[in-house]
Amino acid sequence: MRNSDQKILKFAHDKSLKESDFFVSSSNKHVYDFLNSWPKWENNLINICGENFSGKSHLINIFIKKFKGIIFNANSFGNENLSSLSLYQNIILENLDEKKNEKLIYSLINTVQQSNKYLIITTLKPISEIDFNLIDLKSRAKIFLIQNIKKPDDELIYALLIKNLSDRQIIIEKKLINYVVNRIHRSYSKIFDFIYKIDEMSLKKKKSINTNLIKEILGE
């Protein structure tokens with residue numbers, strides 16, 4: 001189930017966004033390979049979508065380190081940032097949703113297209129499905145090339161559990177990890193919620209990690 005050439009290294013406690021810490025599986029390989037194929041893209045407007053904790057920011061940081069560019073967070077992106085775009089070929093806007101300044105986002109897209117640059121926008125759901133009010137922005141959103149990170153497969157769930165528990169210096173028997181993999185909901189948020197609860201109950205509440213504790217956390 002776990003391919004030997006797809007591995008996790010350097011289990012540091014601090015969150016690492018290095019490429020060596022990104023685990024490639026069938027859930028994300030298509031996005032990983034696509035980003036690594038730059039600039040051989042059929043479109044210069046790219047949308048990477050996926051739920052929270054699915055690895056969007058990690059992938060973006062790997063891309064920027066390789067190919068250079070600038071990352072903006074949609075929460076703090078403003079008109080003053082538009083003037084700095086000329087310095088970069090690759091522009092990343094993270095965490096776009098319906099609550100952002102639509103005219104500003106439309107201006108960003110137009111600036112990128114007119115200057116023949118590349119724009120990557122990360123979202124929770126496909127950008128074409130966001131209910132924008134601005135008609136022109138809604139039209140632009142439909143021409144983005146969508147790269148959707150899929151729900152985690154067994155291989156990725158196993159890797160995420162091992163890495164994040166190791167980061168917290170929590171050791172669980174392999175058979176218990178497999179037990180979790182076979183029963184946990186296929187959701188990145190559920191996986192990290194499980195990791196948080198294991199951390200809390202094993203360290204703060206001093207409970208031993210066994211099948212009964214895992215069943216309790218999984219709600220069985």
# chains A, B, ... in the order shown; residues from 1 in each chain; ligands from 1
>>> residues_around(residues="Leu35 (chain A)", least_positions_apart="3", cutoff="12 Å", atoms="only C-alpha atoms", output="count of residues only")
29
>>> closest_residue(among="A:Ser139, A:Ile195, A:Thr211, A:Lys125", to="Tyr158 (chain A)", atoms="only C-alpha atoms")
A:Ile195
>>> select_by_dssp(residues="chain A", states="helix (DSSP H, G or I)", output="PyMOL selection string")
chain A and resi 19-21+29-36+56-67+79-82+85-87+102-114+127-129+135-141+154-167+174-183+188-204+211-218
>>> closest_residue(among="A:Asn178, A:Ser20, A:Ser86, A:Ser26", to="Gln113 (chain A)", atoms="only C-alpha atoms")
A:Ser86
>>> residues_around(residues="Ala74 (chain A)", least_positions_apart="6", cutoff="8 Å", atoms="only C-alpha atoms", output="PDB file with N, CA and C atoms, in the first residue's frame")
ATOM      1  N   LEU A  93      -2.389  33.862  -5.108  1.00  0.00           N
ATOM      2  CA  LEU A  93      -3.368  34.443  -4.180  1.00  0.00           C
ATOM      3  C   LEU A  93      -4.006  33.288  -3.418  1.00  0.00           C
ATOM      4  N   GLU A  94      -3.774  33.260  -2.116  1.00  0.00           N
ATOM      5  CA  GLU A  94      -4.280  32.155  -1.291  1.00  0.00           C
ATOM      6  C   GLU A  94      -5.569  32.526  -0.566  1.00  0.00           C
ATOM      7  N   ASN A  95      -6.402  31.496  -0.380  1.00  0.00           N
ATOM      8  CA  ASN A  95      -7.601  31.581   0.476  1.00  0.00           C
ATOM      9  C   ASN A  95      -8.668  32.541  -0.032  1.00  0.00           C
ATOM     10  N   LEU A  96      -8.949  32.471  -1.315  1.00  0.00           N
ATOM     11  CA  LEU A  96     -10.013  33.310  -1.868  1.00  0.00           C
ATOM     12  C   LEU A  96     -11.377  32.711  -1.536  1.00  0.00           C
ATOM     13  N   LYS A 100     -14.331  38.406  -0.340  1.00  0.00           N
ATOM     14  CA  LYS A 100     -13.253  39.313  -0.742  1.00  0.00           C
ATOM     15  C   LYS A 100     -13.742  40.398  -1.713  1.00  0.00           C
TER      16      LYS A 100
END
>>> atom_distance(atom1="CA of Ile217 (chain A)", atom2="CA of Leu156 (chain A)")
19.9 Å
>>> closest_residue(among="A:Asp167, A:Asp199, A:Glu98, A:Glu42", to="Leu145 (chain A)", atoms="only C-alpha atoms")
A:Glu42
>>> residues_around(residues="region 212-216 of chain A", least_positions_apart="4", cutoff="10 Å", atoms="only C-alpha atoms", output="NGL selection string")
:A and (176-177 or 179-180 or 183 or 194 or 197-198 or 201-202 or 207-208 or 220)
>>> write_last_selection(atoms="N, CA and C atoms", output="PDB file, in the first residue's frame")
ATOM      1  N   LEU A 176      -2.513  -0.098  15.426  1.00  0.00           N
ATOM      2  CA  LEU A 176      -3.505   0.904  15.804  1.00  0.00           C
ATOM      3  C   LEU A 176      -3.619   1.989  14.744  1.00  0.00           C
ATOM      4  N   ILE A 177      -2.495   2.330  14.117  1.00  0.00           N
ATOM      5  CA  ILE A 177      -2.528   3.282  13.006  1.00  0.00           C
ATOM      6  C   ILE A 177      -3.386   2.715  11.873  1.00  0.00           C
ATOM      7  N   TYR A 179      -5.718   0.581  12.169  1.00  0.00           N
ATOM      8  CA  TYR A 179      -7.102   0.569  12.660  1.00  0.00           C
ATOM      9  C   TYR A 179      -7.768   1.921  12.370  1.00  0.00           C
ATOM     10  N   VAL A 180      -7.032   2.997  12.656  1.00  0.00           N
ATOM     11  CA  VAL A 180      -7.557   4.339  12.410  1.00  0.00           C
ATOM     12  C   VAL A 180      -7.768   4.568  10.915  1.00  0.00           C
ATOM     13  N   ARG A 183     -10.929   3.253   9.523  1.00  0.00           N
ATOM     14  CA  ARG A 183     -12.196   3.686  10.105  1.00  0.00           C
ATOM     15  C   ARG A 183     -12.450   5.196  10.085  1.00  0.00           C
ATOM     16  N   PHE A 194      -8.501  14.351  14.794  1.00  0.00           N
ATOM     17  CA  PHE A 194      -8.108  13.126  15.496  1.00  0.00           C
ATOM     18  C   PHE A 194      -6.718  13.296  16.112  1.00  0.00           C
ATOM     19  N   LYS A 197      -6.856  15.502  19.164  1.00  0.00           N
ATOM     20  CA  LYS A 197      -7.474  14.837  20.316  1.00  0.00           C
ATOM     21  C   LYS A 197      -6.559  13.784  20.924  1.00  0.00           C
ATOM     22  N   ILE A 198      -5.828  13.060  20.083  1.00  0.00           N
ATOM     23  CA  ILE A 198      -4.854  12.085  20.593  1.00  0.00           C
ATOM     24  C   ILE A 198      -3.787  12.816  21.412  1.00  0.00           C
ATOM     25  N   MET A 201      -5.421  14.038  24.749  1.00  0.00           N
ATOM     26  CA  MET A 201      -5.800  12.997  25.701  1.00  0.00           C
ATOM     27  C   MET A 201      -4.609  12.185  26.197  1.00  0.00           C
ATOM     28  N   SER A 202      -3.604  12.027  25.345  1.00  0.00           N
ATOM     29  CA  SER A 202      -2.444  11.229  25.755  1.00  0.00           C
ATOM     30  C   SER A 202      -1.469  12.031  26.607  1.00  0.00           C
ATOM     31  N   LYS A 207      -3.800   9.751  29.302  1.00  0.00           N
ATOM     32  CA  LYS A 207      -4.447   8.485  28.968  1.00  0.00           C
ATOM     33  C   LYS A 207      -3.551   7.679  28.046  1.00  0.00           C
ATOM     34  N   SER A 208      -3.472   6.377  28.291  1.00  0.00           N
ATOM     35  CA  SER A 208      -2.668   5.515  27.424  1.00  0.00           C
ATOM     36  C   SER A 208      -3.383   5.314  26.098  1.00  0.00           C
ATOM     37  N   GLU A 220     -16.781   5.741  18.096  1.00  0.00           N
ATOM     38  CA  GLU A 220     -17.357   4.402  17.906  1.00  0.00           C
ATOM     39  C   GLU A 220     -18.017   3.917  19.196  1.00  0.00           C
TER      40      GLU A 220
END
>>> atom_distance(atom1="CA of Ile171 (chain A)", atom2="CA of Ile184 (chain A)")
18.4 Å
>>> residues_around(residues="Gly78 (chain A)", least_positions_apart="5", cutoff="12 Å", atoms="only C-alpha atoms", output="MDAnalysis selection string")
chainID A and resid 72:73 83:85 93 100:105 107:108
>>> atom_distance(atom1="CA of Lys18 (chain A)", atom2="CA of Val112 (chain A)")
27.4 Å
>>> select_by_dssp(residues="region 38-176 of chain A", states="strand (DSSP E or B)", output="list in words")
Leu45, Ile46, Asn47, Ile48, Cys49, Ile70, Ile71, Phe72, Asn73, Asn90, Ile91, Ile92, Leu93, Glu94, Tyr118, Leu119, Ile120, Ile121, Thr122, Thr123, Leu145, Ile146, Gln147 and Asn148 of chain A
>>> closest_residue(among="A:Lys150, A:Lys142, A:Lys163, A:Lys175", to="Glu51 (chain A)", atoms="only C-alpha atoms")
A:Lys150
